[in-house]
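What follows is the content of target.cif (mmCIF, C-alpha atoms).
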```
data_my_file
loop_
_atom_site.label_atom_id
_atom_site.label_comp_id
_atom_site.auth_asym_id
_atom_site.auth_seq_id
_atom_site.Cartn_x
_atom_site.Cartn_y
_atom_site.Cartn_z
CA MET A 18 -25.16 27.87 -20.66
CA PRO A 19 -27.27 24.98 -19.32
CA VAL A 20 -26.00 22.80 -16.50
CA GLU A 21 -26.38 19.02 -16.30
CA PHE A 22 -26.19 16.63 -13.36
CA LEU A 23 -24.67 13.15 -13.62
CA GLY A 24 -25.25 10.49 -10.96
CA ILE A 25 -24.24 6.87 -10.56
CA ALA A 26 -26.17 3.79 -11.71
CA ALA A 27 -24.79 1.23 -9.27
CA THR A 28 -25.98 -2.37 -9.60
CA ASN A 29 -25.88 -2.96 -5.82
CA ASP A 30 -25.92 -0.95 -2.60
CA GLY A 31 -22.24 -1.30 -1.72
CA SER A 32 -19.94 1.70 -1.39
CA GLU A 33 -16.62 2.70 0.14
CA THR A 34 -18.34 2.87 3.52
CA THR A 35 -20.65 -0.15 3.41
CA ALA A 36 -20.42 -3.70 2.08
CA ARG A 37 -23.18 -4.65 -0.34
CA SER A 38 -26.13 -6.47 1.17
CA GLY A 39 -26.81 -8.82 -1.74
CA ALA A 40 -25.57 -9.95 -5.12
CA ALA A 41 -23.28 -7.92 -7.38
CA PHE A 42 -26.23 -7.40 -9.71
CA ASP A 43 -29.32 -6.61 -7.69
CA LYS A 44 -31.96 -5.94 -10.32
CA GLU A 45 -34.50 -4.36 -7.96
CA TYR A 46 -31.93 -2.04 -6.35
CA THR A 47 -30.52 -1.03 -9.74
CA LEU A 48 -33.98 0.10 -10.83
CA ARG A 49 -34.77 1.82 -7.50
CA LEU A 50 -31.56 3.84 -7.66
CA ALA A 51 -32.06 4.84 -11.29
CA ARG A 52 -35.66 5.82 -10.62
CA ALA A 53 -34.57 7.92 -7.64
CA HIS A 54 -32.32 9.88 -9.98
CA GLU A 55 -35.03 10.31 -12.60
CA ASP A 56 -37.58 11.43 -10.02
CA HIS A 57 -35.29 13.97 -8.34
CA GLY A 58 -33.97 16.13 -11.13
CA TRP A 59 -30.86 14.32 -12.36
CA ASP A 60 -30.15 14.30 -16.10
CA ARG A 61 -28.03 11.19 -16.55
CA VAL A 62 -26.46 8.28 -14.68
CA LEU A 63 -23.14 6.54 -15.26
CA PHE A 64 -22.97 2.78 -15.67
CA ALA A 65 -19.39 2.17 -14.55
CA TYR A 66 -17.01 -0.61 -15.60
CA GLY A 67 -14.82 -2.95 -13.55
CA SER A 68 -13.00 -6.09 -14.60
CA GLY A 69 -15.08 -8.36 -12.38
CA SER A 70 -18.24 -6.25 -12.14
CA PRO A 71 -21.58 -6.89 -13.86
CA ASP A 72 -21.55 -5.93 -17.52
CA PRO A 73 -22.81 -2.33 -17.69
CA ALA A 74 -24.34 -2.56 -21.19
CA PRO A 75 -27.21 -4.97 -20.40
CA ALA A 76 -27.71 -3.22 -17.05
CA ALA A 77 -28.09 0.05 -18.96
CA ALA A 78 -30.49 -1.59 -21.41
CA TYR A 79 -32.57 -2.84 -18.48
CA ILE A 80 -32.90 0.67 -17.06
CA ALA A 81 -33.50 2.27 -20.46
CA SER A 82 -36.42 -0.08 -21.09
CA ARG A 83 -38.09 0.85 -17.78
CA LEU A 84 -37.50 4.58 -17.43
CA GLU A 85 -38.57 7.25 -19.89
CA ARG A 86 -36.43 10.32 -19.27
CA LEU A 87 -33.18 9.41 -17.54
CA GLN A 88 -30.18 9.52 -19.87
CA ILE A 89 -27.37 6.96 -19.85
CA LEU A 90 -23.59 7.28 -19.79
CA LEU A 91 -22.13 3.86 -20.55
CA ALA A 92 -18.53 3.22 -19.54
CA HIS A 93 -16.54 1.06 -21.94
CA ARG A 94 -12.96 -0.22 -22.06
CA PRO A 95 -11.56 -0.65 -25.58
CA ASN A 96 -9.66 -3.81 -24.64
CA VAL A 97 -12.81 -5.87 -24.05
CA SER A 98 -14.30 -5.89 -27.57
CA TYR A 99 -13.53 -5.02 -31.18
CA PRO A 100 -14.60 -1.47 -32.11
CA THR A 101 -16.99 -2.53 -34.90
CA PHE A 102 -18.79 -4.87 -32.49
CA ALA A 103 -18.90 -2.19 -29.80
CA ALA A 104 -20.29 0.39 -32.24
CA LYS A 105 -23.23 -1.92 -33.01
CA THR A 106 -23.84 -2.52 -29.31
CA PHE A 107 -23.90 1.21 -28.63
CA ALA A 108 -26.15 1.95 -31.61
CA THR A 109 -28.59 -0.74 -30.53
CA LEU A 110 -28.68 0.69 -27.01
CA ASP A 111 -29.27 4.18 -28.39
CA GLN A 112 -32.20 2.76 -30.36
CA LEU A 113 -33.55 0.99 -27.27
CA SER A 114 -33.25 4.14 -25.16
CA GLU A 115 -34.69 6.34 -27.94
CA GLY A 116 -31.58 8.51 -28.16
CA ARG A 117 -30.55 8.74 -24.50
CA LEU A 118 -27.05 7.23 -24.76
CA ALA A 119 -23.57 8.68 -24.37
CA VAL A 120 -20.42 6.54 -24.15
CA HIS A 121 -17.52 7.07 -21.76
CA PHE A 122 -14.31 5.47 -23.03
CA ILE A 123 -11.94 4.26 -20.31
CA THR A 124 -8.29 3.86 -21.24
CA GLY A 125 -7.36 2.30 -17.89
CA GLY A 126 -4.87 3.68 -15.38
CA ASN A 127 -3.84 0.51 -13.55
CA ASP A 128 -1.74 -2.18 -15.24
CA HIS A 129 -2.88 -4.87 -12.80
CA GLU A 130 -6.56 -4.12 -13.33
CA GLN A 131 -6.13 -4.07 -17.13
CA ALA A 132 -4.21 -7.36 -17.10
CA ARG A 133 -7.15 -9.06 -15.39
CA GLU A 134 -8.82 -9.05 -18.79
CA GLY A 135 -5.74 -9.70 -20.88
CA ASP A 136 -4.65 -6.13 -21.60
CA THR A 137 -0.85 -5.89 -21.43
CA LEU A 138 -0.25 -2.62 -23.28
CA THR A 139 1.57 0.26 -21.61
CA LYS A 140 -0.44 3.31 -20.55
CA ASP A 141 0.68 5.45 -23.50
CA GLU A 142 -0.11 2.58 -25.86
CA ARG A 143 -3.55 2.28 -24.31
CA TYR A 144 -4.23 5.96 -24.93
CA ALA A 145 -3.16 5.60 -28.56
CA ARG A 146 -5.40 2.56 -28.92
CA THR A 147 -8.36 4.39 -27.35
CA ARG A 148 -7.95 7.29 -29.76
CA GLU A 149 -7.95 4.90 -32.72
CA TYR A 150 -10.89 2.97 -31.26
CA ILE A 151 -13.06 6.06 -30.81
CA GLY A 152 -12.39 7.14 -34.37
CA ILE A 153 -13.57 3.76 -35.67
CA VAL A 154 -16.70 3.79 -33.51
CA LYS A 155 -17.62 7.29 -34.69
CA ARG A 156 -17.21 6.23 -38.32
CA ALA A 157 -19.24 3.04 -37.81
CA TRP A 158 -22.02 5.18 -36.34
CA THR A 159 -22.11 7.58 -39.28
CA ASP A 160 -20.87 5.87 -42.49
CA ARG A 161 -23.59 4.28 -44.61
CA GLU A 162 -21.10 2.79 -47.04
CA PRO A 163 -18.55 0.00 -46.39
CA PHE A 164 -15.11 1.18 -45.29
CA ASP A 165 -11.67 -0.27 -44.57
CA HIS A 166 -9.36 0.51 -41.70
CA GLU A 167 -5.60 -0.05 -41.46
CA GLY A 168 -4.37 1.22 -38.13
CA ARG A 169 -1.82 0.43 -35.47
CA TYR A 170 -4.20 -1.63 -33.36
CA TYR A 171 -7.11 -2.52 -35.66
CA ARG A 172 -7.42 -3.73 -39.23
CA PHE A 173 -10.56 -4.71 -41.10
CA HIS A 174 -12.09 -4.43 -44.57
CA ASP A 175 -15.50 -3.70 -46.09
CA PHE A 176 -17.35 -3.06 -42.82
CA VAL A 177 -20.71 -1.35 -42.71
CA SER A 178 -23.21 -1.49 -39.89
CA ASP A 179 -26.91 -2.12 -40.37
CA VAL A 180 -27.86 -0.41 -37.09
CA PHE A 181 -27.34 3.29 -36.47
CA PRO A 182 -27.97 5.53 -33.47
CA VAL A 183 -31.16 7.52 -33.07
CA GLN A 184 -29.06 10.60 -32.27
CA GLN A 185 -27.73 12.38 -35.30
CA PRO A 186 -25.04 12.54 -36.30
CA ARG A 187 -24.09 10.30 -33.33
CA PRO A 188 -24.13 9.98 -29.52
CA ASP A 189 -21.67 11.99 -27.46
CA VAL A 190 -18.30 10.54 -26.52
CA SER A 191 -16.78 11.31 -23.13
CA PHE A 192 -13.23 10.74 -21.96
CA GLY A 193 -11.12 11.35 -18.87
CA GLY A 194 -7.54 11.52 -17.65
CA SER A 195 -4.96 13.92 -16.29
CA SER A 196 -1.76 13.02 -18.12
CA PRO A 197 -0.39 14.64 -21.30
CA ALA A 198 -1.30 11.48 -23.23
CA ALA A 199 -4.86 11.71 -21.91
CA TYR A 200 -5.21 15.38 -22.82
CA ALA A 201 -3.97 14.64 -26.34
CA ALA A 202 -6.38 11.75 -26.95
CA GLY A 203 -9.39 13.29 -25.25
CA GLY A 204 -8.72 16.74 -26.63
CA ALA A 205 -8.81 15.26 -30.11
CA GLU A 206 -11.84 12.97 -29.79
CA ALA A 207 -14.05 13.82 -26.81
CA ASP A 208 -17.31 15.74 -26.83
CA VAL A 209 -17.12 15.77 -23.01
CA TYR A 210 -13.88 15.76 -21.01
CA CYS A 211 -14.21 14.37 -17.49
CA LEU A 212 -12.16 15.55 -14.52
CA TRP A 213 -12.13 14.57 -10.86
CA GLY A 214 -12.85 17.32 -8.36
CA GLU A 215 -9.75 19.35 -7.55
CA PRO A 216 -9.25 22.88 -6.17
CA LEU A 217 -10.54 25.61 -8.46
CA GLU A 218 -7.08 26.77 -9.48
CA LYS A 219 -5.96 23.29 -10.52
CA THR A 220 -9.25 22.61 -12.28
CA ALA A 221 -8.77 25.78 -14.32
CA GLU A 222 -5.28 24.57 -15.30
CA GLN A 223 -6.69 21.24 -16.47
CA ILE A 224 -9.43 22.94 -18.49
CA ASP A 225 -6.77 25.04 -20.21
CA ALA A 226 -4.77 21.87 -20.98
CA VAL A 227 -7.83 20.20 -22.53
CA LYS A 228 -8.57 23.26 -24.66
CA ALA A 229 -4.94 23.46 -25.81
CA ALA A 230 -4.99 19.78 -26.78
CA ALA A 231 -8.19 20.26 -28.77
CA LEU A 232 -6.70 23.17 -30.68
CA ALA A 233 -3.47 21.21 -31.27
CA ALA A 234 -5.58 18.42 -32.79
CA GLY A 235 -7.03 20.89 -35.28
CA ARG A 236 -10.47 21.21 -33.74
CA THR A 237 -12.46 24.40 -34.06
CA ASP A 238 -14.49 23.54 -30.96
CA VAL A 239 -13.49 22.29 -27.51
CA PRO A 240 -14.96 19.52 -25.32
CA ARG A 241 -17.51 20.33 -22.70
CA ILE A 242 -16.12 19.89 -19.19
CA GLN A 243 -17.43 17.57 -16.49
CA VAL A 244 -16.16 17.53 -12.90
CA ALA A 245 -16.98 14.88 -10.29
CA PHE A 246 -17.37 15.17 -6.51
CA ARG A 247 -18.55 13.23 -3.45
CA PRO A 248 -21.07 15.53 -1.73
CA ILE A 249 -21.56 15.27 2.03
CA ILE A 250 -24.53 17.44 3.00
CA ALA A 251 -26.59 18.05 6.14
CA PRO A 252 -29.02 20.73 7.41
CA THR A 253 -26.27 22.64 9.26
CA GLU A 254 -22.54 23.10 8.75
CA GLU A 255 -21.82 21.42 12.08
CA LEU A 256 -23.86 18.34 11.19
CA ALA A 257 -22.26 18.19 7.74
CA TRP A 258 -18.76 18.12 9.20
CA GLU A 259 -19.73 15.53 11.79
CA LYS A 260 -21.06 13.42 8.92
CA ALA A 261 -17.85 13.98 6.95
CA TYR A 262 -15.63 12.70 9.75
CA ARG A 263 -17.90 9.68 10.29
CA THR A 264 -17.65 8.96 6.58
CA VAL A 265 -13.85 8.98 6.59
CA GLY A 266 -13.83 6.72 9.62
CA ALA A 267 -16.11 4.24 7.85
CA ILE A 268 -13.95 4.34 4.71
CA LYS A 269 -10.80 3.56 6.72
CA GLU A 270 -12.49 0.74 8.64
CA ARG A 271 -13.89 -0.88 5.50
CA ARG A 272 -10.64 -0.45 3.56
CA GLY A 273 -8.69 -2.02 6.41
CA GLY A 274 -10.98 -5.04 6.40
CA ILE A 275 -10.61 -5.48 2.65
CA ARG A 276 -6.82 -5.32 2.89
CA ALA A 277 -6.83 -7.92 5.66
CA ARG A 278 -8.92 -10.32 3.54
CA GLN A 279 -6.66 -9.75 0.54
CA GLN A 280 -3.57 -10.57 2.59
CA ARG A 281 -5.19 -13.74 3.92
CA ASN A 282 -5.99 -14.77 0.34
CA GLY A 283 -2.51 -13.93 -0.93
CA VAL A 284 -3.69 -11.00 -3.06
CA LEU A 285 -1.30 -8.08 -3.38
CA GLU A 286 -2.43 -4.75 -4.79
CA ALA A 287 -0.12 -1.91 -5.79
CA ALA A 288 0.45 0.41 -2.83
CA ALA A 289 0.64 3.60 -4.91
CA PRO A 290 -1.68 4.48 -7.80
CA GLN A 291 -0.23 4.40 -11.30
CA ASN A 292 -2.62 6.84 -12.93
CA THR A 293 -1.87 10.55 -12.92
CA GLY A 294 -5.35 11.53 -11.75
CA SER A 295 -5.08 9.57 -8.51
CA GLN A 296 -1.55 10.80 -7.96
CA ARG A 297 -2.83 14.36 -8.27
CA LEU A 298 -5.59 13.71 -5.72
CA LEU A 299 -3.11 12.32 -3.20
CA ALA A 300 -0.71 15.23 -3.72
CA ILE A 301 -3.55 17.71 -3.18
CA ALA A 302 -4.61 15.85 -0.02
CA GLU A 303 -1.05 15.88 1.30
CA ALA A 304 -0.83 19.64 0.74
CA GLY A 305 -4.02 20.39 2.65
CA GLU A 306 -7.41 19.16 3.84
CA ARG A 307 -9.66 22.07 2.86
CA TYR A 308 -9.72 24.19 -0.29
CA ASP A 309 -11.88 26.96 -1.65
CA ARG A 310 -15.47 27.05 -0.41
CA ALA A 311 -16.14 23.40 0.51
CA LEU A 312 -13.61 21.00 -1.06
CA TRP A 313 -12.34 18.41 1.44
CA THR A 314 -9.57 15.91 0.64
CA PRO A 315 -9.45 13.31 3.50
CA THR A 316 -11.95 11.13 1.63
CA ALA A 317 -9.50 10.93 -1.26
CA ALA A 318 -6.58 10.24 1.06
CA ALA A 319 -8.53 7.48 2.84
CA THR A 320 -9.22 5.66 -0.44
CA GLY A 321 -5.67 6.03 -1.76
CA GLY A 322 -6.82 8.51 -4.40
CA ALA A 323 -9.27 6.01 -5.87
CA GLY A 324 -11.31 7.60 -8.61
CA ASN A 325 -13.81 10.31 -7.84
CA SER A 326 -13.07 10.76 -4.13
CA ASN A 327 -12.73 14.44 -3.14
CA ALA A 328 -15.73 15.66 -1.16
CA LEU A 329 -17.79 18.84 -1.02
CA VAL A 330 -18.94 19.32 2.59
CA GLY A 331 -21.61 21.63 3.97
CA THR A 332 -25.25 22.58 3.88
CA PRO A 333 -27.07 22.31 0.54
CA GLU A 334 -26.58 26.06 0.12
CA THR A 335 -22.82 25.80 0.70
CA VAL A 336 -22.41 22.87 -1.66
CA ALA A 337 -24.56 24.56 -4.31
CA ARG A 338 -22.40 27.70 -4.14
CA ALA A 339 -19.27 25.55 -4.43
CA LEU A 340 -20.64 23.86 -7.54
CA LEU A 341 -21.45 27.25 -9.02
CA ASP A 342 -17.80 28.24 -8.54
CA TYR A 343 -16.89 25.40 -10.90
CA TYR A 344 -19.68 26.38 -13.26
CA ASP A 345 -18.12 29.84 -13.42
CA LEU A 346 -14.85 28.20 -14.58
CA GLY A 347 -16.66 26.70 -17.56
CA VAL A 348 -17.81 23.39 -16.08
CA ASP A 349 -21.32 22.57 -17.27
CA ILE A 350 -21.67 18.90 -16.27
CA LEU A 351 -21.57 18.29 -12.52
CA SER A 352 -21.10 14.69 -11.41
CA ALA A 353 -22.01 13.76 -7.84
CA ARG A 354 -22.21 10.51 -5.90
CA GLY A 355 -22.82 10.12 -2.19
CA TYR A 356 -21.73 7.29 0.08
CA ASP A 357 -25.29 6.13 0.79
CA LEU A 358 -26.08 5.85 -2.88
CA LEU A 359 -29.87 5.88 -2.76
CA ASP A 360 -30.59 8.31 0.06
CA ASP A 361 -27.83 10.70 -0.97
CA ALA A 362 -29.11 10.76 -4.57
CA VAL A 363 -32.55 11.74 -3.27
CA ASP A 364 -31.22 14.39 -0.88
CA PHE A 365 -28.88 15.93 -3.43
CA GLY A 366 -31.70 16.00 -5.98
CA ARG A 367 -34.12 17.61 -3.55
CA TYR A 368 -31.90 20.16 -1.88
CA VAL A 369 -28.87 20.96 -4.08
CA ILE A 370 -29.86 20.56 -7.74
CA PRO A 371 -32.75 23.08 -7.60
CA LEU A 372 -30.50 25.71 -6.02
CA VAL A 373 -27.86 25.33 -8.73
CA ARG A 374 -30.38 25.30 -11.56
CA GLU A 375 -32.12 28.40 -10.23
CA GLU A 376 -28.89 30.36 -9.99
CA VAL A 377 -27.69 29.21 -13.41
CA ALA A 378 -31.00 30.31 -14.93
CA LYS A 379 -30.61 33.75 -13.31
CA ARG A 380 -27.10 34.11 -14.68
CA ASP A 381 -28.13 32.99 -18.15
CA ALA A 382 -31.03 35.45 -18.13
CA ALA A 383 -28.74 38.26 -17.03
CA ARG A 384 -26.30 37.50 -19.84
CA ALA A 385 -29.13 37.43 -22.38
CA ASP A 386 -30.62 40.73 -21.23
CA PRO A 387 -29.39 43.44 -23.68
CA ARG A 388 -30.59 46.37 -21.59
CA PRO A 389 -27.84 48.65 -20.31
CA ARG A 390 -27.36 48.63 -16.56
CA GLN A 391 -28.05 51.85 -14.70
CA PRO A 392 -25.45 53.06 -12.24
CA LEU A 393 -26.34 52.11 -8.69
CA ALA A 394 -26.59 55.77 -7.66
CA ALA A 395 -29.18 56.41 -10.37
CA VAL A 396 -31.27 53.45 -9.24
CA ARG A 397 -31.22 54.69 -5.66
CA GLY A 398 -31.76 58.27 -6.45
#
```

Rendering of file as structure tokens:
Amino acid sequence: MPVEFLGIAATNDGSETTARSGAAFDKEYTLRLARAHEDHGWDRVLFAYGSGSPDPAPAAAYIASRLERLQILLAHRPNVSYPTFAAKTFATLDQLSEGRLAVHFITGGNDHEQAREGDTLTKDERYARTREYIGIVKRAWTDREPFDHEGRYYRFHDFVSDVFPVQQPRPDVSFGGSSPAAYAAGGAEADVYCLWGEPLEKTAEQIDAVKAAALAAGRTDVPRIQVAFRPIIAPTEELAWEKAYRTVGAIKERRGGIRARQQRNGVLEAAAPQNTGSQRLLAIAEAGERYDRALWTPTAAATGGAGNSNALVGTPETVARALLDYYDLGVDILSARGYDLLDDAVDFGRYVIPLVREEVAKRDAARADPRPRQPLAAVRG
């Protein structure tokens, strides 16, 4: 099966290791970073969402109007707009990008962060709302006749859109989460199910849970699987590990400075994450630092399990082999984001992506080859 690579479409140069050098929306940097992905073999970039961050939809439109090939994954929280309005926004962006859009629906795993924009539902209620929301958006993308909706969270009558996506029947929907409620909602509605990088054994367990949820929802297919990592690569193993330890040190220093400023300003953040995914990352980090071929957990521990934070450390060859281990589990979308966003996107595109694509092509060709294999002794003899 083909493999895809997803990067990040940040709107400034800040990261967990470095404070941004300019405004939250740096138009020139946003374009430079997106172009670096397009020029170095990436398939798609994610426009992420945060309560106080620049709006990802116009940022995505800006990039779509200036680049020709790079595909877009737009993050969206259902609490910020009505689903009929959102469906029109997405369809318009798919038209603008000439069919390069997918939408990632974020339920929200932190009550404090959700409340910043007026969302006071419980986590399970948010998952139920997201499932209803996605169903409405899908119908608005595909129905050419007016329809009514009477649901738990949304009610409207006689709606029909006058703008439809280029992609037929509709753009892909992606979804993430690691709780039973997440598996149920995403298993029912997602075309792509997104996971954070965990050890191979635990990733396999999550894939099985997603497949079971899809079957329980009555689907005859299952979502494609995406897994996200923070690659730390260098020309030698020794240099890669030196870089990894420097990275963790920078994360801790920057995080300590942010906490100090928050305390001075009277801002209190929850000490422990509420979402299951982050809790899993911290539990994995507590159980051990290194797993499988290259997975390293101190980056996750240093950020408090914040989002995509487990690293893959090593040479490009080592990291490529580690990614192929996940491919062999059934993962066909590999998400990667370095700590120096621009330079790491270039390096990963130059040195890792070609290795993975080459090996995947060999494996696909071998599977497609119907010729019987000769015993090794016969070949030698």

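Each of A:Thr47, A:Ala230, A:Ala318, A:Glu21 was compared to Gly266 (chain A) using only C-alpha atoms, and A:Ala318 turns out to be the nearest.
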
Choose the residue, out of A:Ala385, A:Ala257, A:Leu212, A:Leu358, that has the smallest atom-to-atom separation from Asn327 (chain A); count all atoms listed in the file.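 Once distances to Asn327 (chain A) are computed over all atoms listed in the file, the minimum belongs to A:Leu212.
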
What are the nearest atom pairs, with distances in Å to one decimal, for all residues of region 268-349 of chain A that come at most 12 Å from region 366-375 of chain A, using all atoms listed in the file, set out by chain and rising residue number as CSV?
```
residue,atom,partner,partner_atom,distance
A:Leu329,CA,A:Val369,CA,11.7
A:Gly331,CA,A:Val369,CA,10.9
A:Thr332,CA,A:Val369,CA,8.9
A:Pro333,CA,A:Val369,CA,5.1
A:Glu334,CA,A:Val369,CA,7.0
A:Thr335,CA,A:Val369,CA,9.1
A:Val336,CA,A:Val369,CA,7.2
A:Ala337,CA,A:Val373,CA,5.6
A:Arg338,CA,A:Val373,CA,7.5
A:Ala339,CA,A:Val373,CA,9.6
A:Leu340,CA,A:Val373,CA,7.5
A:Leu341,CA,A:Val373,CA,6.7
A:Asp342,CA,A:Val373,CA,10.5
A:Tyr343,CA,A:Val373,CA,11.2
A:Tyr344,CA,A:Val373,CA,9.4
A:Asp345,CA,A:Val373,CA,11.7
A:Asp349,CA,A:Arg374,CA,11.1
```

Any idea what the distance is between CA of Ala78 (chain A) and CA of Glu115 (chain A)?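 Those two atoms sit 11.1 Å apart.
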
So which residues touch Ala319 (chain A) within 9 Å, counting all atoms listed in the file, skipping near sequence neighbours fewer than 6 positions away, as number ranges by chain? A: 265-266, 268-269, 272, 326

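Computed from the coordinates, the CA of Gln184 (chain A) to CA of Arg161 (chain A) distance equals 14.9 Å.
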
As a PDB file, in the frame of the given file, could you write out region 74-88 of chain A once it has been completed with N, CA, C and O atoms?
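What landed in result03.pdb:
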```pdb
ATOM      1  N   ALA A  74     -23.476  -2.777 -20.025  1.00  0.00           N
ATOM      2  CA  ALA A  74     -24.340  -2.560 -21.190  1.00  0.00           C
ATOM      3  C   ALA A  74     -25.729  -3.176 -21.005  1.00  0.00           C
ATOM      4  O   ALA A  74     -26.741  -2.488 -21.211  1.00  0.00           O
ATOM      5  N   PRO A  75     -25.851  -4.453 -20.629  1.00  0.00           N
ATOM      6  CA  PRO A  75     -27.210  -4.970 -20.400  1.00  0.00           C
ATOM      7  C   PRO A  75     -27.889  -4.329 -19.191  1.00  0.00           C
ATOM      8  O   PRO A  75     -29.120  -4.189 -19.176  1.00  0.00           O
ATOM      9  N   ALA A  76     -27.110  -3.937 -18.183  1.00  0.00           N
ATOM     10  CA  ALA A  76     -27.710  -3.220 -17.050  1.00  0.00           C
ATOM     11  C   ALA A  76     -28.307  -1.904 -17.523  1.00  0.00           C
ATOM     12  O   ALA A  76     -29.408  -1.510 -17.106  1.00  0.00           O
ATOM     13  N   ALA A  77     -27.587  -1.201 -18.404  1.00  0.00           N
ATOM     14  CA  ALA A  77     -28.090   0.050 -18.960  1.00  0.00           C
ATOM     15  C   ALA A  77     -29.337  -0.188 -19.805  1.00  0.00           C
ATOM     16  O   ALA A  77     -30.292   0.597 -19.769  1.00  0.00           O
ATOM     17  N   ALA A  78     -29.327  -1.266 -20.581  1.00  0.00           N
ATOM     18  CA  ALA A  78     -30.490  -1.590 -21.410  1.00  0.00           C
ATOM     19  C   ALA A  78     -31.711  -1.866 -20.529  1.00  0.00           C
ATOM     20  O   ALA A  78     -32.842  -1.472 -20.862  1.00  0.00           O
ATOM     21  N   TYR A  79     -31.483  -2.545 -19.413  1.00  0.00           N
ATOM     22  CA  TYR A  79     -32.570  -2.840 -18.480  1.00  0.00           C
ATOM     23  C   TYR A  79     -33.200  -1.547 -17.966  1.00  0.00           C
ATOM     24  O   TYR A  79     -34.435  -1.400 -17.952  1.00  0.00           O
ATOM     25  N   ILE A  80     -32.382  -0.598 -17.566  1.00  0.00           N
ATOM     26  CA  ILE A  80     -32.900   0.670 -17.060  1.00  0.00           C
ATOM     27  C   ILE A  80     -33.563   1.476 -18.183  1.00  0.00           C
ATOM     28  O   ILE A  80     -34.639   2.063 -17.996  1.00  0.00           O
ATOM     29  N   ALA A  81     -32.946   1.497 -19.343  1.00  0.00           N
ATOM     30  CA  ALA A  81     -33.500   2.270 -20.460  1.00  0.00           C
ATOM     31  C   ALA A  81     -34.890   1.779 -20.853  1.00  0.00           C
ATOM     32  O   ALA A  81     -35.745   2.569 -21.280  1.00  0.00           O
ATOM     33  N   SER A  82     -35.123   0.476 -20.705  1.00  0.00           N
ATOM     34  CA  SER A  82     -36.420  -0.080 -21.090  1.00  0.00           C
ATOM     35  C   SER A  82     -37.508   0.182 -20.055  1.00  0.00           C
ATOM     36  O   SER A  82     -38.695  -0.032 -20.332  1.00  0.00           O
ATOM     37  N   ARG A  83     -37.125   0.660 -18.856  1.00  0.00           N
ATOM     38  CA  ARG A  83     -38.090   0.850 -17.780  1.00  0.00           C
ATOM     39  C   ARG A  83     -38.289   2.307 -17.359  1.00  0.00           C
ATOM     40  O   ARG A  83     -39.264   2.609 -16.680  1.00  0.00           O
ATOM     41  N   LEU A  84     -37.368   3.170 -17.738  1.00  0.00           N
ATOM     42  CA  LEU A  84     -37.500   4.580 -17.430  1.00  0.00           C
ATOM     43  C   LEU A  84     -37.585   5.382 -18.722  1.00  0.00           C
ATOM     44  O   LEU A  84     -37.004   4.996 -19.735  1.00  0.00           O
ATOM     45  N   GLU A  85     -38.261   6.520 -18.668  1.00  0.00           N
ATOM     46  CA  GLU A  85     -38.570   7.250 -19.890  1.00  0.00           C
ATOM     47  C   GLU A  85     -37.686   8.464 -20.144  1.00  0.00           C
ATOM     48  O   GLU A  85     -37.509   8.865 -21.295  1.00  0.00           O
ATOM     49  N   ARG A  86     -37.134   9.065 -19.091  1.00  0.00           N
ATOM     50  CA  ARG A  86     -36.430  10.320 -19.270  1.00  0.00           C
ATOM     51  C   ARG A  86     -34.939  10.240 -18.969  1.00  0.00           C
ATOM     52  O   ARG A  86     -34.141  10.940 -19.586  1.00  0.00           O
ATOM     53  N   LEU A  87     -34.556   9.428 -18.010  1.00  0.00           N
ATOM     54  CA  LEU A  87     -33.180   9.410 -17.540  1.00  0.00           C
ATOM     55  C   LEU A  87     -32.225   9.003 -18.664  1.00  0.00           C
ATOM     56  O   LEU A  87     -32.426   8.000 -19.336  1.00  0.00           O
ATOM     57  N   GLN A  88     -31.174   9.800 -18.838  1.00  0.00           N
ATOM     58  CA  GLN A  88     -30.180   9.520 -19.870  1.00  0.00           C
ATOM     59  C   GLN A  88     -29.074   8.620 -19.310  1.00  0.00           C
ATOM     60  O   GLN A  88     -28.894   8.513 -18.095  1.00  0.00           O
TER      61      GLN A  88
END
```
